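Notes follow once the structure below has been shown.
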Amino acid sequence: MNNSQKLDPIEDYRNIQREVREREKYLNSNIGYFGFTFAIASLGTSVPQFWALLSMLFIVVGHVIEKKEKISTLRRVSALKKSEQGSYYAFLEEEIRKSISVKRSAPFVIGYVVLFLIIFLPAIIPHPEILNFIYGDRPYFDIWTFSFVQPG
């Protein structure tokens, strides 16, 4: 099916709703749960930030590769909206984008946030007590000084 082919309005809506739910399920199960698991696992290593960063890169690369297959109907509707300036396509795209919910993607958000915090916590909250709680007696990288800090 090419991008210039007209779509049935009811079928468009159903396909996009299905694709959005599948996308949310994919983000939760394949990215969110892995992100959280990798974050917790990185805390057990000698250099948690490095392994959390490596895990984040792994997840992002996997996400970029897989996202091409997802939400194809929404992409076609967006392309038709741009090419034809049709109000139907703009309305359909707007309604579908409103239906995307962070609440249904909580594992995805939590997985990314926990990985992000492990990587950037010294720059966000530079309190020694908190950093000692998270990293223990292991060294961590301070972004502001661009150096490794050995707690102690």
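Scheme for the structure tokens: letters A, B, ... for chains in order shown; per-chain residue numbers from 1; ligand numbers from 1 in order shown.
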Chain A: residues DSSP assigns to strand (DSSP E), reported as a PyMOL selection string:
chain A and resi 140-142+147-149
Go ahead and write the residues just picked, all heavy atoms, as a JSON list (two decimals), in the first residue's frame.
```json
[["chain", "number", "residue", "atom", "x", "y", "z"],
["A", 140, "TYR", "N", 31.83, 6.88, 40.80],
["A", 140, "TYR", "CA", 30.82, 7.32, 39.83],
["A", 140, "TYR", "C", 31.38, 8.52, 39.07],
["A", 140, "TYR", "O", 32.30, 9.18, 39.51],
["A", 140, "TYR", "CB", 29.49, 7.65, 40.52],
["A", 140, "TYR", "CG", 29.58, 8.70, 41.59],
["A", 140, "TYR", "CD1", 29.50, 10.05, 41.28],
["A", 140, "TYR", "CD2", 29.74, 8.34, 42.93],
["A", 140, "TYR", "CE1", 29.59, 11.01, 42.26],
["A", 140, "TYR", "CE2", 29.83, 9.29, 43.91],
["A", 140, "TYR", "CZ", 29.75, 10.63, 43.58],
["A", 140, "TYR", "OH", 29.84, 11.58, 44.54],
["A", 141, "PHE", "N", 30.78, 8.77, 37.92],
["A", 141, "PHE", "CA", 31.25, 9.85, 37.05],
["A", 141, "PHE", "C", 30.44, 11.10, 37.32],
["A", 141, "PHE", "O", 29.22, 11.10, 37.26],
["A", 141, "PHE", "CB", 31.10, 9.44, 35.58],
["A", 141, "PHE", "CG", 31.71, 10.42, 34.62],
["A", 141, "PHE", "CD1", 33.09, 10.48, 34.48],
["A", 141, "PHE", "CD2", 30.93, 11.27, 33.88],
["A", 141, "PHE", "CE1", 33.66, 11.38, 33.59],
["A", 141, "PHE", "CE2", 31.49, 12.17, 32.99],
["A", 141, "PHE", "CZ", 32.86, 12.23, 32.85],
["A", 142, "ASP", "N", 31.13, 12.19, 37.63],
["A", 142, "ASP", "CA", 30.48, 13.48, 37.86],
["A", 142, "ASP", "C", 30.56, 14.29, 36.57],
["A", 142, "ASP", "O", 31.66, 14.65, 36.13],
["A", 142, "ASP", "CB", 31.16, 14.21, 39.01],
["A", 142, "ASP", "CG", 30.43, 15.49, 39.39],
["A", 142, "ASP", "OD1", 29.41, 15.82, 38.75],
["A", 142, "ASP", "OD2", 30.88, 16.15, 40.33],
["A", 147, "SER", "N", 34.88, 14.09, 35.84],
["A", 147, "SER", "CA", 35.86, 13.22, 36.48],
["A", 147, "SER", "C", 35.15, 12.14, 37.29],
["A", 147, "SER", "O", 33.98, 12.28, 37.61],
["A", 147, "SER", "CB", 36.79, 14.03, 37.40],
["A", 147, "SER", "OG", 36.02, 14.60, 38.44],
["A", 148, "PHE", "N", 35.89, 11.10, 37.61],
["A", 148, "PHE", "CA", 35.36, 10.04, 38.47],
["A", 148, "PHE", "C", 35.54, 10.46, 39.93],
["A", 148, "PHE", "O", 36.57, 11.01, 40.30],
["A", 148, "PHE", "CB", 36.05, 8.70, 38.20],
["A", 148, "PHE", "CG", 35.54, 8.02, 36.97],
["A", 148, "PHE", "CD1", 36.21, 8.16, 35.77],
["A", 148, "PHE", "CD2", 34.39, 7.25, 37.02],
["A", 148, "PHE", "CE1", 35.73, 7.54, 34.63],
["A", 148, "PHE", "CE2", 33.91, 6.64, 35.89],
["A", 148, "PHE", "CZ", 34.58, 6.78, 34.70],
["A", 149, "VAL", "N", 34.53, 10.16, 40.72],
["A", 149, "VAL", "CA", 34.58, 10.50, 42.14],
["A", 149, "VAL", "C", 34.56, 9.19, 42.92],
["A", 149, "VAL", "O", 33.71, 8.32, 42.69],
["A", 149, "VAL", "CB", 33.35, 11.35, 42.53],
["A", 149, "VAL", "CG1", 33.34, 11.61, 44.03],
["A", 149, "VAL", "CG2", 33.32, 12.64, 41.75]]
```
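Nearest to Ile143 (chain A) of all the residues A:Thr37, A:Asn28, A:Asn15, A:Gln49 is A:Gln49, based on only C-alpha atoms.
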With distances taken over only C-alpha atoms, which residue among A:Ser29, A:Pro107, A:Ile10, A:Ile16 lies nearest Glu93 (chain A)?
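Checking each of A:Ser29, A:Pro107, A:Ile10, A:Ile16 against Glu93 (chain A), counting only C-alpha atoms, the winner is A:Ile16.
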As number ranges by chain, list the residues of chain A assigned to helix (DSSP H, G or I) by DSSP on the backbone atoms of this structure.
A: 9-43, 48-67, 72-84, 87-99, 103-124, 128-135
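Taking CA of Ile125 (chain A) and CA of Ile31 (chain A) as the two end points, the separation is 25.6 Å.
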Measure the distance from CA of Tyr112 (chain A) to CA of Met56 (chain A) in Å and round it to one decimal.
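So the two atoms, CA of Tyr112 (chain A) and CA of Met56 (chain A), lie 7.9 Å apart.
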Polymer residues at most 12 Å from Tyr33 (chain A), only C-alpha atoms, same-chain spacing of 6 or more positions, as a VMD selection string:
chain A and resid 25 to 27 39 to 40 59 105 to 115
Spatial neighbours of Trp144 (chain A), max dist 10 Å, only C-alpha atoms, sep filter under 4 positions, as a ChimeraX atom specification:
/A:122-124,126
Output all heavy atoms for every residue in that selection, as an mmCIF file, in the first residue's frame.
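Full text of selection-v9.cif as output:
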```
data_model
loop_
_atom_site.group_PDB
_atom_site.id
_atom_site.type_symbol
_atom_site.label_atom_id
_atom_site.label_comp_id
_atom_site.auth_asym_id
_atom_site.auth_seq_id
_atom_site.Cartn_x
_atom_site.Cartn_y
_atom_site.Cartn_z
ATOM 1 N N PRO A 122 24.411 11.959 39.655
ATOM 2 C CA PRO A 122 25.380 12.885 40.257
ATOM 3 C C PRO A 122 25.238 14.324 39.752
ATOM 4 O O PRO A 122 25.535 15.265 40.480
ATOM 5 C CB PRO A 122 26.738 12.311 39.846
ATOM 6 C CG PRO A 122 26.472 10.861 39.653
ATOM 7 C CD PRO A 122 25.072 10.800 39.070
ATOM 8 N N ALA A 123 24.778 14.506 38.538
ATOM 9 C CA ALA A 123 24.593 15.854 38.001
ATOM 10 C C ALA A 123 23.274 16.468 38.472
ATOM 11 O O ALA A 123 23.175 17.681 38.636
ATOM 12 C CB ALA A 123 24.613 15.820 36.479
ATOM 13 N N ILE A 124 22.278 15.621 38.718
ATOM 14 C CA ILE A 124 20.957 16.122 39.110
ATOM 15 C C ILE A 124 20.894 16.386 40.612
ATOM 16 O O ILE A 124 20.402 17.426 41.047
ATOM 17 C CB ILE A 124 19.862 15.115 38.696
ATOM 18 C CG1 ILE A 124 19.864 14.936 37.179
ATOM 19 C CG2 ILE A 124 18.492 15.570 39.174
ATOM 20 C CD1 ILE A 124 18.997 13.785 36.704
ATOM 21 N N PRO A 126 23.507 16.273 43.581
ATOM 22 C CA PRO A 126 24.886 16.029 44.031
ATOM 23 C C PRO A 126 25.037 15.922 45.555
ATOM 24 O O PRO A 126 25.956 16.481 46.126
ATOM 25 C CB PRO A 126 25.638 17.241 43.472
ATOM 26 C CG PRO A 126 24.616 18.323 43.463
ATOM 27 C CD PRO A 126 23.298 17.646 43.168
#
```
Which neighbours of Ser101 (chain A) fall inside 10 Å, counting only C-alpha atoms, when residues of the same chain fewer than 6 positions from it are skipped, and could you give them as an mmCIF file with N, CA and C atoms, in the first residue's frame?
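Below is the file around_36.cif, written as the result:
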```
data_model
loop_
_atom_site.group_PDB
_atom_site.id
_atom_site.type_symbol
_atom_site.label_atom_id
_atom_site.label_comp_id
_atom_site.auth_asym_id
_atom_site.auth_seq_id
_atom_site.Cartn_x
_atom_site.Cartn_y
_atom_site.Cartn_z
ATOM 1 N N VAL A 20 -1.806 1.617 17.837
ATOM 2 C CA VAL A 20 -1.389 2.376 19.016
ATOM 3 C C VAL A 20 -1.322 1.451 20.229
ATOM 4 N N ARG A 21 -2.324 0.591 20.404
ATOM 5 C CA ARG A 21 -2.325 -0.349 21.538
ATOM 6 C C ARG A 21 -1.168 -1.351 21.410
ATOM 7 N N GLU A 24 1.974 0.538 22.358
ATOM 8 C CA GLU A 24 2.085 0.702 23.804
ATOM 9 C C GLU A 24 2.520 -0.606 24.465
#
```
Shortest contact to Lys98 (chain A), candidates A:Phe133, A:Gln17, A:Asp12, A:Phe38, atoms counted only C-alpha atoms, goes to A:Gln17
Taking only C-alpha atoms into account, name the residue in A:Arg23, A:Pro139, A:Leu121, A:Arg14 that is nearest to Lys67 (chain A).
A:Arg23
Taking only C-alpha atoms into account, name the residue in A:Leu131, A:Leu57, A:Ala90, A:Ala79 that is nearest to Ile118 (chain A).
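Checking each candidate against Ile118 (chain A), we get A:Leu131 as the closest.
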Which value, in Å to one decimal, gives the distance between CA of Ile119 (chain A) and CA of Val102 (chain A)?
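Separation of CA of Ile119 (chain A) and CA of Val102 (chain A): 22.7 Å.
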